[in-house]
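Shown next: protein-v8.txt, containing compact mmCIF, C-alpha atoms.
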# COMPACT_ATOMS: atom_id res chain seq x y z
CA MET P 1 -15.13 -13.48 -25.83
CA HIS P 2 -17.13 -16.67 -26.07
CA GLN P 3 -20.63 -16.93 -27.45
CA THR P 4 -23.29 -19.45 -26.42
CA GLU P 5 -25.69 -20.99 -28.86
CA LYS P 6 -29.27 -21.80 -27.95
CA ALA P 7 -31.05 -24.83 -29.39
CA SER P 8 -34.70 -24.64 -30.35
CA ARG P 9 -37.06 -27.55 -30.22
CA ALA P 10 -40.25 -28.24 -32.11
CA GLY P 11 -43.37 -29.56 -30.33
CA LYS P 12 -45.67 -32.31 -31.51
CA ARG P 13 -49.39 -32.30 -31.78
CA GLU P 14 -51.43 -35.43 -31.22
CA GLY P 15 -54.88 -36.89 -31.35
CA LEU P 16 -56.94 -35.55 -34.21
CA SER P 17 -60.51 -36.72 -33.82
CA GLN P 18 -61.50 -39.52 -36.17
CA THR P 19 -65.07 -38.22 -36.16
CA ARG P 20 -64.05 -35.22 -38.26
CA THR P 21 -64.80 -35.31 -41.95
CA ARG P 22 -62.00 -36.16 -44.34
CA GLY P 23 -62.08 -32.62 -45.78
CA LEU P 24 -61.86 -31.05 -42.38
CA GLY P 25 -59.03 -33.43 -41.44
CA LEU P 26 -57.13 -32.57 -44.60
CA LEU P 27 -57.55 -28.85 -43.92
CA ILE P 28 -56.23 -29.24 -40.39
CA LEU P 29 -53.23 -31.25 -41.61
CA ILE P 30 -52.39 -28.51 -44.12
CA CYS P 31 -52.61 -25.85 -41.40
CA LEU P 32 -50.38 -27.88 -39.12
CA ALA P 33 -47.84 -28.29 -41.90
CA VAL P 34 -47.74 -24.54 -42.40
CA ILE P 35 -47.32 -23.92 -38.65
CA VAL P 36 -44.54 -26.50 -38.30
CA SER P 37 -42.78 -25.10 -41.34
CA ALA P 38 -42.97 -21.57 -39.95
CA CYS P 39 -41.68 -22.72 -36.55
CA GLY P 40 -38.82 -24.57 -38.18
CA LYS P 41 -37.90 -21.53 -40.22
CA GLN P 42 -37.98 -19.33 -37.12
CA ALA P 43 -35.82 -21.81 -35.22
CA SER P 44 -33.35 -21.93 -38.08
CA THR P 45 -33.20 -18.11 -38.17
CA ASN P 46 -32.59 -17.91 -34.42
CA SER P 47 -29.85 -20.54 -34.61
CA SER P 48 -28.15 -18.65 -37.44
CA ASN P 49 -28.31 -15.36 -35.58
CA THR P 50 -26.46 -16.78 -32.57
CA ASN P 51 -23.35 -17.12 -34.74
CA GLU P 52 -23.26 -13.39 -35.38
CA LYS P 53 -21.18 -11.10 -33.13
CA PRO P 54 -23.50 -8.85 -31.09
CA ALA P 55 -23.07 -5.12 -31.47
CA ALA P 56 -21.15 -3.43 -28.62
CA THR P 57 -23.36 -1.67 -26.14
CA ALA P 58 -22.86 0.13 -22.86
CA SER P 59 -24.05 -2.99 -21.02
CA ASN P 60 -21.78 -5.54 -22.66
CA GLU P 61 -18.81 -3.36 -23.59
CA GLY P 62 -17.10 -4.04 -20.28
CA THR P 63 -17.03 -7.79 -20.97
CA GLN P 64 -15.08 -7.42 -24.20
CA THR P 65 -11.35 -8.12 -23.99
CA ILE P 66 -8.19 -7.48 -25.94
CA LEU P 67 -4.98 -9.52 -25.92
CA ILE P 68 -1.95 -7.46 -24.84
CA LYS P 69 1.69 -8.55 -25.12
CA HIS P 70 3.91 -7.41 -22.26
CA ALA P 71 7.01 -8.28 -20.22
CA PHE P 72 5.48 -11.38 -18.63
CA GLY P 73 3.70 -12.78 -21.69
CA GLU P 74 0.23 -12.15 -23.09
CA THR P 75 -2.86 -11.22 -21.11
CA GLU P 76 -6.51 -10.67 -21.97
CA VAL P 77 -7.60 -7.35 -20.50
CA PRO P 78 -10.90 -5.45 -20.59
CA SER P 79 -10.98 -3.35 -23.76
CA HIS P 80 -12.19 -0.24 -21.95
CA PRO P 81 -11.11 -0.49 -18.29
CA LYS P 82 -12.79 1.89 -15.87
CA ARG P 83 -10.63 1.36 -12.77
CA VAL P 84 -6.89 1.05 -13.30
CA ALA P 85 -4.30 0.47 -10.58
CA VAL P 86 -0.82 1.54 -11.68
CA PHE P 87 2.59 1.13 -10.10
CA GLY P 88 5.67 2.82 -11.53
CA LEU P 89 4.21 4.01 -14.86
CA GLU P 90 2.22 6.99 -13.56
CA ASP P 91 3.92 9.37 -16.02
CA ILE P 92 2.57 7.49 -19.03
CA MET P 93 -0.84 6.99 -17.44
CA LEU P 94 -1.27 10.68 -16.65
CA SER P 95 -0.25 11.55 -20.20
CA LEU P 96 -2.91 9.17 -21.55
CA GLU P 97 -5.53 10.54 -19.13
CA ALA P 98 -6.17 7.02 -17.86
CA PRO P 99 -8.91 6.31 -15.28
CA MET P 100 -6.59 5.57 -12.34
CA VAL P 101 -7.83 4.55 -8.90
CA TYR P 102 -4.43 3.71 -7.35
CA ALA P 103 -0.84 4.76 -8.05
CA TYR P 104 2.68 4.85 -6.66
CA GLY P 105 3.45 8.20 -5.06
CA PHE P 106 4.72 9.92 -1.94
CA LYS P 107 5.56 13.37 -0.56
CA GLY P 108 7.99 14.96 -2.98
CA TYR P 109 7.28 12.58 -5.86
CA TYR P 110 7.37 14.61 -9.06
CA LEU P 111 3.84 13.56 -10.03
CA GLU P 112 2.34 13.84 -6.55
CA GLU P 113 0.26 16.96 -7.15
CA GLN P 114 -1.11 15.84 -10.50
CA LEU P 115 -2.18 12.50 -9.06
CA LYS P 116 -3.81 14.15 -6.06
CA GLN P 117 -5.73 16.52 -8.32
CA GLN P 118 -7.33 13.48 -9.93
CA ASN P 119 -8.18 11.97 -6.53
CA VAL P 120 -5.98 8.96 -7.15
CA LYS P 121 -5.10 7.03 -4.00
CA LEU P 122 -1.32 7.02 -3.53
CA SER P 123 0.90 4.37 -1.98
CA ASN P 124 2.48 7.12 0.19
CA ASP P 125 5.61 5.04 0.57
CA THR P 126 9.03 5.23 -1.09
CA ASN P 127 9.22 1.43 -0.95
CA TYR P 128 9.26 0.42 -4.60
CA GLU P 129 7.19 -2.73 -4.27
CA PRO P 130 3.45 -2.97 -4.94
CA SER P 131 1.16 -3.62 -1.99
CA ASN P 132 -1.27 -6.34 -3.01
CA GLU P 133 -3.58 -5.41 -0.16
CA GLU P 134 -3.85 -1.75 -1.20
CA ILE P 135 -4.28 -2.64 -4.86
CA LEU P 136 -6.99 -5.16 -4.01
CA ALA P 137 -8.78 -2.53 -1.91
CA SER P 138 -8.86 -0.17 -4.91
CA GLN P 139 -10.99 -2.75 -6.80
CA PRO P 140 -9.25 -2.41 -10.18
CA ASP P 141 -10.41 -4.04 -13.38
CA LEU P 142 -6.85 -3.69 -14.76
CA ILE P 143 -3.37 -3.45 -13.19
CA ILE P 144 -0.44 -1.85 -15.04
CA VAL P 145 2.95 -2.18 -13.39
CA GLN P 146 6.57 -1.27 -14.06
CA GLN P 147 8.18 -4.59 -14.90
CA TYR P 148 11.29 -4.10 -12.76
CA ALA P 149 9.20 -3.56 -9.62
CA ILE P 150 8.06 -7.20 -9.62
CA ASP P 151 9.19 -10.71 -10.43
CA GLN P 152 7.25 -13.67 -11.82
CA SER P 153 5.75 -14.70 -8.49
CA LYS P 154 4.63 -11.14 -7.69
CA TYR P 155 3.19 -10.84 -11.18
CA GLU P 156 1.14 -13.98 -10.64
CA ALA P 157 -0.10 -12.67 -7.28
CA LEU P 158 -1.24 -9.40 -8.86
CA SER P 159 -2.92 -11.30 -11.68
CA LYS P 160 -5.17 -12.99 -9.13
CA ILE P 161 -6.53 -9.54 -8.24
CA ALA P 162 -7.14 -8.36 -11.82
CA PRO P 163 -5.63 -8.79 -15.30
CA THR P 164 -2.07 -7.46 -15.02
CA ILE P 165 0.33 -6.18 -17.69
CA ALA P 166 3.91 -4.98 -17.18
CA PHE P 167 6.20 -2.70 -19.20
CA ALA P 168 9.70 -1.23 -18.97
CA PRO P 169 9.92 2.46 -18.03
CA SER P 170 13.02 3.35 -20.03
CA ASP P 171 11.58 3.19 -23.55
CA TRP P 172 8.41 5.13 -22.82
CA ARG P 173 7.62 5.70 -26.49
CA SER P 174 7.04 2.01 -27.19
CA SER P 175 5.44 1.41 -23.79
CA ILE P 176 2.91 4.21 -24.21
CA VAL P 177 1.79 2.75 -27.54
CA GLU P 178 1.23 -0.72 -26.06
CA ILE P 179 -0.47 0.62 -22.94
CA SER P 180 -2.74 2.81 -25.05
CA LYS P 181 -4.04 -0.32 -26.80
CA ALA P 182 -5.13 -1.73 -23.45
CA LEU P 183 -6.87 1.53 -22.57
CA GLY P 184 -8.45 2.14 -25.96
CA LYS P 185 -6.46 5.37 -26.29
CA GLU P 186 -4.24 4.78 -29.32
CA ASP P 187 -5.00 8.21 -30.79
CA LYS P 188 -4.10 9.89 -27.51
CA ALA P 189 -0.73 8.11 -27.44
CA GLN P 190 0.12 9.43 -30.88
CA GLU P 191 -0.90 12.94 -29.80
CA VAL P 192 1.43 12.74 -26.81
CA ILE P 193 4.37 11.55 -28.92
CA LYS P 194 3.78 14.19 -31.59
CA ALA P 195 3.52 17.02 -29.05
CA HIS P 196 6.67 15.83 -27.29
CA ASP P 197 8.66 15.67 -30.54
CA GLU P 198 7.55 19.18 -31.45
CA LYS P 199 8.58 20.51 -28.04
CA LEU P 200 11.96 18.82 -28.34
CA GLU P 201 12.53 20.26 -31.81
CA GLN P 202 11.70 23.77 -30.57
CA ALA P 203 14.06 23.31 -27.62
CA LYS P 204 16.91 22.21 -29.87
CA LYS P 205 16.41 25.29 -32.03
CA ALA P 206 16.36 27.56 -28.97
CA VAL P 207 19.60 26.05 -27.64
CA THR P 208 21.51 26.07 -30.92
CA ASP P 209 20.31 29.58 -31.74
CA ALA P 210 21.65 30.71 -28.38
CA VAL P 211 25.02 28.93 -28.21
CA GLY P 212 25.66 27.23 -31.55
CA THR P 213 26.32 23.55 -32.16
CA ASP P 214 29.84 23.15 -30.77
CA LYS P 215 29.15 23.26 -27.02
CA THR P 216 29.71 20.21 -24.83
CA VAL P 217 27.83 18.81 -21.86
CA VAL P 218 28.13 16.32 -18.99
CA TYR P 219 25.36 14.90 -16.82
CA MET P 220 26.54 13.64 -13.43
CA ARG P 221 25.74 12.96 -9.78
CA PRO P 222 28.48 14.03 -7.32
CA SER P 223 28.44 13.16 -3.64
CA GLU P 224 30.85 13.51 -0.74
CA LYS P 225 32.14 9.98 -1.31
CA ASP P 226 32.11 9.43 -5.06
CA LEU P 227 31.00 10.55 -8.51
CA GLN P 228 28.58 9.10 -11.03
CA VAL P 229 28.84 10.21 -14.64
CA PHE P 230 26.02 9.24 -17.00
CA PHE P 231 26.63 8.24 -20.61
CA PRO P 232 24.63 9.06 -23.80
CA SER P 233 22.68 5.79 -23.63
CA PHE P 234 21.27 6.95 -20.29
CA SER P 235 20.16 10.48 -21.17
CA PHE P 236 18.94 12.31 -24.25
CA ILE P 237 20.74 15.49 -23.12
CA TYR P 238 23.77 14.36 -25.14
CA THR P 239 21.88 14.00 -28.42
CA ALA P 240 18.63 15.99 -28.44
CA PHE P 241 19.65 19.62 -28.00
CA GLY P 242 22.58 20.15 -30.35
CA LEU P 243 24.98 19.78 -27.43
CA ASN P 244 27.82 17.26 -27.69
CA PRO P 245 29.21 14.77 -25.16
CA ASP P 246 32.32 16.16 -23.52
CA ALA P 247 35.58 14.47 -24.46
CA SER P 248 35.76 13.07 -20.94
CA ILE P 249 32.75 10.84 -21.68
CA ALA P 250 34.69 8.77 -24.22
CA GLU P 251 37.56 8.40 -21.77
CA LEU P 252 35.27 7.27 -18.97
CA GLN P 253 33.45 4.83 -21.25
CA LYS P 254 36.75 3.00 -21.76
CA GLU P 255 36.91 2.41 -18.01
CA SER P 256 33.30 1.27 -17.53
CA PRO P 257 31.81 -2.16 -18.23
CA ASP P 258 28.34 -0.59 -18.21
CA ASP P 259 26.63 1.45 -20.90
CA TRP P 260 24.55 3.60 -18.50
CA GLY P 261 27.57 5.34 -16.94
CA ILE P 262 30.32 4.93 -14.37
CA ASP P 263 30.83 4.99 -10.63
CA THR P 264 34.16 6.68 -10.03
CA SER P 265 35.89 9.05 -7.63
CA LEU P 266 35.79 12.82 -7.29
CA GLU P 267 39.42 12.79 -8.36
CA LYS P 268 38.14 12.37 -11.93
CA LEU P 269 36.47 15.80 -11.92
CA PRO P 270 39.44 17.64 -13.51
CA ILE P 271 39.16 15.60 -16.74
CA ILE P 272 35.66 17.03 -17.29
CA THR P 273 36.04 20.01 -19.63
CA ALA P 274 32.39 20.41 -20.62
CA ASP P 275 30.88 23.81 -21.33
CA TYR P 276 27.77 22.83 -19.37
CA ILE P 277 27.28 20.46 -16.46
CA PHE P 278 23.91 19.24 -15.21
CA ALA P 279 24.20 17.79 -11.70
CA ILE P 280 21.71 15.92 -9.54
CA TYR P 281 21.95 15.18 -5.84
CA GLY P 282 20.05 12.22 -4.42
CA GLY P 283 17.68 9.91 -6.26
CA SER P 284 14.16 10.03 -7.66
CA LEU P 285 12.77 7.76 -4.94
CA ASP P 286 14.60 9.32 -2.01
CA THR P 287 12.68 11.08 0.74
CA GLU P 288 12.75 14.87 0.83
CA GLU P 289 15.07 14.70 3.82
CA THR P 290 17.56 12.51 1.95
CA VAL P 291 17.56 14.73 -1.12
CA GLN P 292 18.07 17.82 1.01
CA LYS P 293 20.96 16.14 2.82
CA GLU P 294 22.64 15.42 -0.52
CA LEU P 295 22.09 18.99 -1.65
CA ASP P 296 23.63 20.29 1.55
CA SER P 297 26.72 18.19 0.87
CA SER P 298 27.28 20.01 -2.42
CA ALA P 299 28.66 23.02 -0.52
CA ALA P 300 31.58 20.94 0.71
CA ILE P 301 32.18 19.44 -2.75
CA GLU P 302 32.26 22.87 -4.34
CA LYS P 303 35.12 23.89 -2.05
CA LEU P 304 37.37 21.17 -3.43
CA GLN P 305 40.11 22.20 -5.84
CA VAL P 306 39.21 19.34 -8.21
CA TRP P 307 35.78 20.95 -8.52
CA LYS P 308 36.98 24.49 -9.02
CA VAL P 309 39.25 23.66 -11.96
CA MET P 310 36.39 22.58 -14.22
CA PRO P 311 35.67 25.10 -17.03
CA ALA P 312 31.91 24.90 -16.42
CA VAL P 313 32.46 25.92 -12.79
CA LYS P 314 34.58 28.90 -13.81
CA ALA P 315 31.90 29.96 -16.33
CA ASN P 316 29.10 29.48 -13.79
CA HIS P 317 27.58 26.83 -16.05
CA VAL P 318 26.93 24.11 -13.48
CA PHE P 319 23.18 23.62 -13.04
CA LYS P 320 21.60 21.66 -10.20
CA VAL P 321 18.48 19.87 -11.37
CA SER P 322 15.93 17.73 -9.56
CA PRO P 323 16.61 14.00 -9.39
CA ARG P 324 12.82 13.54 -9.17
CA HIS P 325 12.23 14.00 -12.90
CA TRP P 326 15.81 13.74 -14.21
CA MET P 327 16.03 10.16 -12.95
CA SER P 328 12.54 9.26 -14.16
CA SER P 329 11.21 8.24 -17.55
CA GLY P 330 8.10 9.34 -19.39
CA PRO P 331 6.76 12.24 -21.45
CA ILE P 332 6.15 14.41 -18.38
CA ALA P 333 9.59 13.79 -16.88
CA GLU P 334 11.32 14.44 -20.20
CA SER P 335 9.23 17.54 -20.79
CA ARG P 336 10.48 18.99 -17.52
CA GLN P 337 14.05 18.07 -18.41
CA ILE P 338 13.62 19.90 -21.72
CA GLU P 339 12.46 23.00 -19.88
CA ASP P 340 15.42 22.78 -17.49
CA VAL P 341 17.97 22.55 -20.32
CA VAL P 342 16.49 25.43 -22.31
CA ALA P 343 16.26 27.65 -19.24
CA ALA P 344 19.84 26.89 -18.19
CA VAL P 345 21.58 27.18 -21.53
CA THR P 346 19.65 30.13 -22.93
CA GLY P 347 19.21 31.95 -19.62
CA SER P 348 15.45 32.04 -20.08
CA LYS P 349 12.88 31.36 -17.37

Written form, structure tokens:
Amino acid sequence: MHQTEKASRAGKREGLSQTRTRGLGLLILICLAVIVSACGKQASTNSSNTNEKPAATASNEGTQTILIKHAFGETEVPSHPKRVAVFGLEDIMLSLEAPMVYAYGFKGYYLEEQLKQQNVKLSNDTNYEPSNEEILASQPDLIIVQQYAIDQSKYEALSKIAPTIAFAPSDWRSSIVEISKALGKEDKAQEVIKAHDEKLEQAKKAVTDAVGTDKTVVYMRPSEKDLQVFFPSFSFIYTAFGLNPDASIAELQKESPDDWGIDTSLEKLPIITADYIFAIYGGSLDTEETVQKELDSSAAIEKLQVWKVMPAVKANHVFKVSPRHWMSSGPIAESRQIEDVVAAVTGSK
């Protein structure tokens, strides 16, 4: 924030009467000297005070800024924003109890109800691209966007509406810390991380107490046409609960150029020998109709012989989970995943 200095000027007095006595003239000159000296001192004091940083108050607090590093560079943002438009990072923002006025969301979105409870205006569209018009109408003083939802030109367009910062969704732990700086909620971010770690530790204990530490797991998305199998770099289910990646994961990793997982055929199902399988149908941004259609297709898949031979199927250890939060990132999404895993593996509700 810039400060402005004010200059002070001294006035001049003229025209002492020559008819005054010398003593009276001398007295007047002395008085004038004292007055000028006092004025000069006051001016000097005022000039010095302008170099001091004013104390933050309710009236000027909103004009203070903080420099935030993000995916598209560095941006000065208001230190305590009051109206935040968010797109794609609603999970983090809800966790930080941010003052949102606009957010991405639609019918079936896993955060829909929580956002509605806070009277946040939703995009109401599965299209994963910010609407500049809607964001402008929300009159934000800060915009926080998921970096993969925009490119440089779209970032610049949003920045014309309000200061804009962008972060990746995958590593929510680092993103929540940086976003909390922009919101003035650093302590809250640490509370969220600490609570999440404690919940995860309790879940791991519940799982290992129930089934030991030698059970294996696979996380996948089957469909009528193909099969996606997700790798450990994509999901914490392979590392956080005392469950181990099934041997099939290492085999499939040899065939995939990607670290997230593999697109393959249903013919690969028999190599999966996991004790537990977590399966999703559809995607996190699909409409309810699309997700339901994918779920309906599972009946046909489950009739296939390649499906029936899997040990998890025989043990009734295949669990269908929602793509809404299993394909999303953030403390809320992961918290729900934790609850799903504990409930499935331990048989608890």

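The spacing separating CA of Pro323 (chain P) from CA of Asp340 (chain P) amounts to 12.0 Å.
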
Exercise. Between CA of Ile301 (chain P) and CA of Asp226 (chain P), what is the spacing in Å?
Worked result: 10.3 Å

For this session: Could you please determine the separation between CA of Asp125 (chain P) and CA of Leu94 (chain P) in Å, to one decimal place?
Result: 19.4 Å

Problem set entry | Long-range neighbours of Ile237 (chain P) as JSON, numbers by chain, 9 Å cut-off, only C-alpha atoms, 6 positions minimum in chain | {"P": [217, 218, 219, 243, 244, 245, 337, 338, 341]}

Go ahead and write the selection's residues with C-alpha atoms as a short mmCIF file (atom, residue, chain, number, x, y, z; two decimals), in the frame of the given file.
data_model
loop_
_atom_site.label_atom_id
_atom_site.label_comp_id
_atom_site.auth_asym_id
_atom_site.auth_seq_id
_atom_site.Cartn_x
_atom_site.Cartn_y
_atom_site.Cartn_z
CA VAL P 217 27.83 18.81 -21.86
CA VAL P 218 28.13 16.32 -18.99
CA TYR P 219 25.36 14.90 -16.82
CA LEU P 243 24.98 19.78 -27.43
CA ASN P 244 27.82 17.26 -27.69
CA PRO P 245 29.21 14.77 -25.16
CA GLN P 337 14.05 18.07 -18.41
CA ILE P 338 13.62 19.90 -21.72
CA VAL P 341 17.97 22.55 -20.32
#

Exercise. Do you know which residues are at most 12 Å from region 195-206 of chain P counting only C-alpha atoms, after dropping those on the same chain fewer than 6 positions away, and could you put them as a PyMOL selection string?
Worked result: chain P and resi 95+172-173+188-189+212-213+236-243+330-348

Create the file for the chosen residues now, containing C-alpha atoms and written as a PDB file, in the frame of the given file.
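Contents of again.pdb, freshly written:
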ATOM      1  CA  SER P  95      -0.250  11.550 -20.200  1.00  0.00           C
ATOM      2  CA  TRP P 172       8.410   5.130 -22.820  1.00  0.00           C
ATOM      3  CA  ARG P 173       7.620   5.700 -26.490  1.00  0.00           C
ATOM      4  CA  LYS P 188      -4.100   9.890 -27.510  1.00  0.00           C
ATOM      5  CA  ALA P 189      -0.730   8.110 -27.440  1.00  0.00           C
ATOM      6  CA  GLY P 212      25.660  27.230 -31.550  1.00  0.00           C
ATOM      7  CA  THR P 213      26.320  23.550 -32.160  1.00  0.00           C
ATOM      8  CA  PHE P 236      18.940  12.310 -24.250  1.00  0.00           C
ATOM      9  CA  ILE P 237      20.740  15.490 -23.120  1.00  0.00           C
ATOM     10  CA  TYR P 238      23.770  14.360 -25.140  1.00  0.00           C
ATOM     11  CA  THR P 239      21.880  14.000 -28.420  1.00  0.00           C
ATOM     12  CA  ALA P 240      18.630  15.990 -28.440  1.00  0.00           C
ATOM     13  CA  PHE P 241      19.650  19.620 -28.000  1.00  0.00           C
ATOM     14  CA  GLY P 242      22.580  20.150 -30.350  1.00  0.00           C
ATOM     15  CA  LEU P 243      24.980  19.780 -27.430  1.00  0.00           C
ATOM     16  CA  GLY P 330       8.100   9.340 -19.390  1.00  0.00           C
ATOM     17  CA  PRO P 331       6.760  12.240 -21.450  1.00  0.00           C
ATOM     18  CA  ILE P 332       6.150  14.410 -18.380  1.00  0.00           C
ATOM     19  CA  ALA P 333       9.590  13.790 -16.880  1.00  0.00           C
ATOM     20  CA  GLU P 334      11.320  14.440 -20.200  1.00  0.00           C
ATOM     21  CA  SER P 335       9.230  17.540 -20.790  1.00  0.00           C
ATOM     22  CA  ARG P 336      10.480  18.990 -17.520  1.00  0.00           C
ATOM     23  CA  GLN P 337      14.050  18.070 -18.410  1.00  0.00           C
ATOM     24  CA  ILE P 338      13.620  19.900 -21.720  1.00  0.00           C
ATOM     25  CA  GLU P 339      12.460  23.000 -19.880  1.00  0.00           C
ATOM     26  CA  ASP P 340      15.420  22.780 -17.490  1.00  0.00           C
ATOM     27  CA  VAL P 341      17.970  22.550 -20.320  1.00  0.00           C
ATOM     28  CA  VAL P 342      16.490  25.430 -22.310  1.00  0.00           C
ATOM     29  CA  ALA P 343      16.260  27.650 -19.240  1.00  0.00           C
ATOM     30  CA  ALA P 344      19.840  26.890 -18.190  1.00  0.00           C
ATOM     31  CA  VAL P 345      21.580  27.180 -21.530  1.00  0.00           C
ATOM     32  CA  THR P 346      19.650  30.130 -22.930  1.00  0.00           C
ATOM     33  CA  GLY P 347      19.210  31.950 -19.620  1.00  0.00           C
ATOM     34  CA  SER P 348      15.450  32.040 -20.080  1.00  0.00           C
TER      35      SER P 348
END

Exercise. Of the candidates P:Met310, P:Gly282, P:Ser235, P:Ala250, which shows the shortest atom-to-atom distance to Pro270 (chain P), using all atoms listed in the file?
Worked result: P:Met310

Exercise. Pick the closest to Phe87 (chain P) from P:Glu302, P:Glu134, P:Glu156, P:Asp275: which is it, counting all atoms listed in the file?
Worked result: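 Smallest distance to Phe87 (chain P) is found for P:Glu134.
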
Problem set entry | Test item: which residues lie within 10 Å of (37.6, 9.1, -11.0) counting all atoms listed in the file, as a ChimeraX atom specification | /P:226-229,252,255,262-271

Exercise. Taking all atoms listed in the file into account, which of P:Lys107, P:His325, P:Lys320, P:His80 comes nearest Lys181 (chain P)?
Worked result: P:His80

For this session: Between P:Gly261, P:Gly283, P:Pro222, P:Pro232, single out the one closest to Trp307 (chain P), counting all atoms listed in the file.
Result: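 For Trp307 (chain P), the nearest of the given residues is P:Pro222.
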
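Among the candidates P:Met327, P:Ala274, P:Asp259, P:Ser322, the residue lying nearest to Glu288 (chain P) is P:Ser322 (atoms considered: all atoms listed in the file).
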
For this session: Point out the residue among P:Val84, P:Val211, P:Leu89, P:Leu142 with the least atom-to-atom distance to Pro169 (chain P), counting all atoms listed in the file.
Result: P:Leu89

Problem set entry | Residue list as an MDAnalysis selection string for point (21.7, 4.8, -17.9), cut-off 6 Å, only C-alpha atoms | chainID P and resid 233:234 260:261

Those selected residues, please, written with C-alpha atoms and delivered as a PDB file, in the frame of the given file.
ATOM      1  CA  SER P 233      22.680   5.790 -23.630  1.00  0.00           C
ATOM      2  CA  PHE P 234      21.270   6.950 -20.290  1.00  0.00           C
ATOM      3  CA  TRP P 260      24.550   3.600 -18.500  1.00  0.00           C
ATOM      4  CA  GLY P 261      27.570   5.340 -16.940  1.00  0.00           C
TER       5      GLY P 261
END

Could you put an axis-aligned box around every listed atom of region 103-114 of chain P, padded by 6 Å on each side, and send me its centre and edge lengths in Å to one decimal, as AutoDock Vina command-line options?
--center_x 3.4 --center_y 10.9 --center_z -5.5 --size_x 21.1 --size_y 24.2 --size_z 21.9

Just add N, CA and C atoms to region 178-189 of chain P and send it as an mmCIF file, keeping the file's coordinate frame.
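Okay, result.cif is ready:
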data_model
loop_
_atom_site.group_PDB
_atom_site.id
_atom_site.type_symbol
_atom_site.label_atom_id
_atom_site.label_comp_id
_atom_site.auth_asym_id
_atom_site.auth_seq_id
_atom_site.Cartn_x
_atom_site.Cartn_y
_atom_site.Cartn_z
ATOM 1 N N GLU P 178 1.825 0.553 -26.475
ATOM 2 C CA GLU P 178 1.230 -0.720 -26.060
ATOM 3 C C GLU P 178 0.184 -0.512 -24.970
ATOM 4 N N ILE P 179 0.493 0.356 -24.012
ATOM 5 C CA ILE P 179 -0.470 0.620 -22.940
ATOM 6 C C ILE P 179 -1.731 1.270 -23.481
ATOM 7 N N SER P 180 -1.570 2.133 -24.471
ATOM 8 C CA SER P 180 -2.740 2.810 -25.050
ATOM 9 C C SER P 180 -3.697 1.820 -25.702
ATOM 10 N N LYS P 181 -3.170 0.708 -26.206
ATOM 11 C CA LYS P 181 -4.040 -0.320 -26.800
ATOM 12 C C LYS P 181 -4.940 -0.927 -25.726
ATOM 13 N N ALA P 182 -4.355 -1.147 -24.546
ATOM 14 C CA ALA P 182 -5.130 -1.730 -23.450
ATOM 15 C C ALA P 182 -6.204 -0.774 -22.950
ATOM 16 N N LEU P 183 -5.934 0.525 -23.065
ATOM 17 C CA LEU P 183 -6.870 1.530 -22.570
ATOM 18 C C LEU P 183 -7.846 2.025 -23.625
ATOM 19 N N GLY P 184 -7.627 1.615 -24.873
ATOM 20 C CA GLY P 184 -8.450 2.140 -25.960
ATOM 21 C C GLY P 184 -8.142 3.586 -26.257
ATOM 22 N N LYS P 185 -6.866 3.975 -26.113
ATOM 23 C CA LYS P 185 -6.460 5.370 -26.290
ATOM 24 C C LYS P 185 -5.281 5.500 -27.264
ATOM 25 N N GLU P 186 -5.332 4.739 -28.351
ATOM 26 C CA GLU P 186 -4.240 4.780 -29.320
ATOM 27 C C GLU P 186 -4.030 6.170 -29.905
ATOM 28 N N ASP P 187 -5.114 6.866 -30.214
ATOM 29 C CA ASP P 187 -5.000 8.210 -30.790
ATOM 30 C C ASP P 187 -4.338 9.165 -29.805
ATOM 31 N N LYS P 188 -4.679 9.031 -28.533
ATOM 32 C CA LYS P 188 -4.100 9.890 -27.510
ATOM 33 C C LYS P 188 -2.595 9.659 -27.401
ATOM 34 N N ALA P 189 -2.161 8.424 -27.506
ATOM 35 C CA ALA P 189 -0.730 8.110 -27.440
ATOM 36 C C ALA P 189 0.029 8.804 -28.565
#
